[in-house]
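Structure data (PDB, C-alpha atoms, pLDDT in the B column) from run.pdb:
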```pdb
ATOM      1  CA  MET A1166      16.051   6.421   9.000  1.00 81.00           C
ATOM      2  CA  THR A1167      13.575   6.157   6.125  1.00 90.00           C
ATOM      3  CA  THR A1168      11.228   3.195   5.986  1.00 93.00           C
ATOM      4  CA  THR A1169       9.264   2.440   2.832  1.00 96.00           C
ATOM      5  CA  LEU A1170       6.170   0.274   2.891  1.00 97.00           C
ATOM      6  CA  MET A1171       4.784  -1.398  -0.207  1.00 98.00           C
ATOM      7  CA  TRP A1172       1.222  -2.701  -0.165  1.00 98.00           C
ATOM      8  CA  GLU A1173      -0.073  -4.617  -3.190  1.00 98.00           C
ATOM      9  CA  ALA A1174      -3.433  -6.249  -3.792  1.00 97.00           C
ATOM     10  CA  ARG A1175      -5.148  -7.908  -6.716  1.00 97.00           C
ATOM     11  CA  ALA A1176      -8.851  -7.243  -7.010  1.00 98.00           C
ATOM     12  CA  ALA A1177     -11.472  -9.883  -7.593  1.00 97.00           C
ATOM     13  CA  GLU A1178     -12.514 -10.210 -11.233  1.00 95.00           C
ATOM     14  CA  GLY A1179     -13.937  -6.914 -12.495  1.00 95.00           C
ATOM     15  CA  ARG A1180     -13.556  -5.110  -9.146  1.00 97.00           C
ATOM     16  CA  GLY A1181     -10.315  -3.191  -9.770  1.00 97.00           C
ATOM     17  CA  ALA A1182     -12.022   0.217  -9.771  1.00 97.00           C
ATOM     18  CA  GLU A1183     -13.741  -0.598  -6.466  1.00 97.00           C
ATOM     19  CA  LEU A1184     -10.458  -1.674  -4.883  1.00 98.00           C
ATOM     20  CA  LEU A1185      -8.767   1.510  -6.087  1.00 98.00           C
ATOM     21  CA  ASP A1186     -11.616   3.622  -4.640  1.00 98.00           C
ATOM     22  CA  TRP A1187     -11.352   1.734  -1.349  1.00 98.00           C
ATOM     23  CA  VAL A1188      -7.571   2.327  -1.179  1.00 98.00           C
ATOM     24  CA  ARG A1189      -7.962   6.029  -1.951  1.00 98.00           C
ATOM     25  CA  GLY A1190     -10.469   6.327   0.892  1.00 98.00           C
ATOM     26  CA  GLN A1191      -8.082   4.917   3.507  1.00 97.00           C
ATOM     27  CA  LYS A1192      -6.545   7.617   5.698  1.00 97.00           C
ATOM     28  CA  LEU A1193      -3.319   6.865   7.535  1.00 96.00           C
ATOM     29  CA  ASP A1194      -2.632   8.223  11.015  1.00 94.00           C
ATOM     30  CA  PRO A1195       0.065   9.276  11.397  1.00 93.00           C
ATOM     31  CA  VAL A1196       0.384  10.586   7.851  1.00 94.00           C
ATOM     32  CA  PRO A1197       3.432   9.382   5.841  1.00 96.00           C
ATOM     33  CA  VAL A1198       5.983  11.784   4.391  1.00 95.00           C
ATOM     34  CA  ARG A1199       4.931  10.600   0.939  1.00 97.00           C
ATOM     35  CA  ARG A1200       2.253   8.276  -0.448  1.00 98.00           C
ATOM     36  CA  GLU A1201       1.809   7.126  -4.042  1.00 98.00           C
ATOM     37  CA  THR A1202      -0.810   4.838  -5.549  1.00 98.00           C
ATOM     38  CA  PHE A1203      -0.385   2.832  -8.754  1.00 98.00           C
ATOM     39  CA  THR A1204      -2.439   0.419 -10.832  1.00 97.00           C
ATOM     40  CA  ALA A1205      -1.285  -2.438 -13.066  1.00 97.00           C
ATOM     41  CA  ALA A1206      -2.637  -5.207 -15.252  1.00 95.00           C
ATOM     42  CA  ALA A1207      -4.947  -7.826 -13.735  1.00 95.00           C
ATOM     43  CA  ASP A1208      -6.665  -5.229 -11.495  1.00 96.00           C
ATOM     44  CA  ARG A1209      -3.657  -4.770  -9.221  1.00 97.00           C
ATOM     45  CA  VAL A1210      -3.304  -1.784  -6.882  1.00 98.00           C
ATOM     46  CA  LEU A1211       0.027  -0.790  -5.344  1.00 98.00           C
ATOM     47  CA  VAL A1212       0.529   1.769  -2.576  1.00 98.00           C
ATOM     48  CA  ILE A1213       3.997   2.926  -1.534  1.00 98.00           C
ATOM     49  CA  THR A1214       4.459   5.059   1.583  1.00 97.00           C
ATOM     50  CA  TRP A1215       7.629   6.671   2.955  1.00 96.00           C
ATOM     51  CA  TRP A1216       8.227   7.275   6.656  1.00 95.00           C
ATOM     52  CA  ASP A1217      11.005   9.301   8.313  1.00 92.00           C
ATOM     53  CA  THR A1218      10.404   8.208  11.888  1.00 82.00           C
ATOM     54  CA  ASP A1219      11.406   5.725  14.526  1.00 79.00           C
ATOM     55  CA  GLY A1220       7.863   6.017  15.876  1.00 82.00           C
ATOM     56  CA  PRO A1221       4.670   4.322  14.781  1.00 86.00           C
ATOM     57  CA  ILE A1222       4.050   3.634  11.119  1.00 91.00           C
ATOM     58  CA  ALA A1223       0.480   3.245   9.904  1.00 94.00           C
ATOM     59  CA  GLU A1224      -0.282   0.465   7.449  1.00 94.00           C
ATOM     60  CA  LEU A1225      -3.258   0.061   5.185  1.00 96.00           C
ATOM     61  CA  PRO A1226      -5.734  -2.463   6.575  1.00 94.00           C
ATOM     62  CA  GLU A1227      -7.043  -5.517   4.781  1.00 94.00           C
ATOM     63  CA  PRO A1228      -9.722  -4.619   2.236  1.00 97.00           C
ATOM     64  CA  PRO A1229     -13.137  -6.234   2.461  1.00 94.00           C
ATOM     65  CA  ALA A1230     -12.690  -9.895   1.470  1.00 83.00           C
ATOM     66  CA  GLY A1231     -15.063  -9.696  -1.492  1.00 94.00           C
ATOM     67  CA  LEU A1232     -12.794  -7.161  -3.214  1.00 97.00           C
ATOM     68  CA  LEU A1233      -9.770  -9.456  -3.319  1.00 97.00           C
ATOM     69  CA  HIS A1234      -8.581 -12.157  -5.702  1.00 96.00           C
ATOM     70  CA  ARG A1235      -5.865 -13.182  -3.212  1.00 95.00           C
ATOM     71  CA  PRO A1236      -4.436 -11.918   0.102  1.00 95.00           C
ATOM     72  CA  VAL A1237      -2.624  -8.581   0.227  1.00 97.00           C
ATOM     73  CA  HIS A1238       1.160  -8.625  -0.157  1.00 97.00           C
ATOM     74  CA  ARG A1239       3.206  -6.301   2.092  1.00 97.00           C
ATOM     75  CA  TRP A1240       6.888  -5.431   2.100  1.00 96.00           C
ATOM     76  CA  ARG A1241       8.895  -3.154   4.394  1.00 94.00           C
ATOM     77  CA  PHE A1242      12.220  -1.684   3.279  1.00 93.00           C
ATOM     78  CA  GLN A1243      14.886   0.388   5.029  1.00 87.00           C
ATOM     79  CA  ARG A1244      16.746   3.035   3.041  1.00 82.00           C
ATOM     80  CA  VAL A1245      20.445   2.297   2.541  1.00 85.00           C
ATOM     81  CA  PRO A1246      22.767   5.328   2.654  1.00 82.00           C
ATOM     82  CA  GLU A1247      24.567   6.045  -0.622  1.00 81.00           C
TER      83      GLU A1247
END
```
Take the structure I supplied and represent it as structure tokens, if you would.
Amino acid sequence: MTTTLMWEARAAEGRGAELLDWVRGQKLDPVPVRRETFTAAADRVLVITWWDTDGPIAELPEPPAGLLHRPVHRWRFQRVPE
């Protein structure tokens, strides 16, 4: 079974680069099969990780409060067979 986690945060005004640096510095243990990081308008940062395990899945923690415009959004998806 493949589980995909989506983690999305909006940085406080003018702090998008800091939030992106913070996200890039976060190591996950265990390591996901795949991890991609994206940016979008309004200083948003999105991280998508893929996991092929029934075991533990590591999630990104909450960033320091001063970096955020609003709380982090998180979604967990299960892959549907074709």
Open item on the list: Ranking A:Val1245, A:Ala1206, A:Val1212, A:Ile1222 by minimum distance to Gly1181 (chain A) and counting all atoms listed in the file, which one comes first?
Closed with: A:Ala1206
TODO: Convert the output of the PyMOL selection byres ((chain A and resi 1179) around 12) on the shown file into explicit residues, formatted as a PyMOL selection string.
DONE: chain A and resi 1175-1178+1180-1185+1206-1209+1231-1234
TODO: For the structure provided, state which residues fall under the PyMOL selection byres ((chain A and resi 1220) around 12), and present them as a PyMOL selection string.
DONE: chain A and resi 1166-1168+1194-1197+1216-1219+1221-1223
TODO: For each of A:Val1188, A:Ala1230, A:Leu1193, A:Ala1174, take the minimum atom-to-atom distance to Ala1205 (chain A), counting all atoms listed in the file, then give the residue where this is smallest.
DONE: A:Ala1174
- [ ] Point out the residue among A:Trp1240, A:Trp1215, A:Pro1226, A:Arg1189 with the least atom-to-atom distance to Thr1202 (chain A), counting only C-alpha atoms.
- [x] A:Arg1189
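Separating CA of Asp1186 (chain A) from CA of Glu1173 (chain A) is a distance of 14.3 Å.
Counting from CA of Arg1235 (chain A), the distance to CA of Val1198 (chain A) is 28.7 Å.
Across the structure, CA of Lys1192 (chain A) and CA of Leu1225 (chain A) are spaced 8.3 Å apart.
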Open item on the list: Using all atoms listed in the file, which protein or nucleic acid residues come within 7 Å of Ile1213 (chain A)? Drop anything in the same chain fewer than 6 positions from it, and give the result as a PyMOL selection string.
Closed with: chain A and resi 1169-1172+1200-1202
Give the centre and edge lengths of an axis-aligned box, in Å to one decimal, that holds all listed atoms of region 1203-1210 of chain A with 8 Å on each side, as JSON.
```
{"center_x": -3.5, "center_y": -2.5, "center_z": -11.1, "size_x": 22.3, "size_y": 26.7, "size_z": 24.4}
```
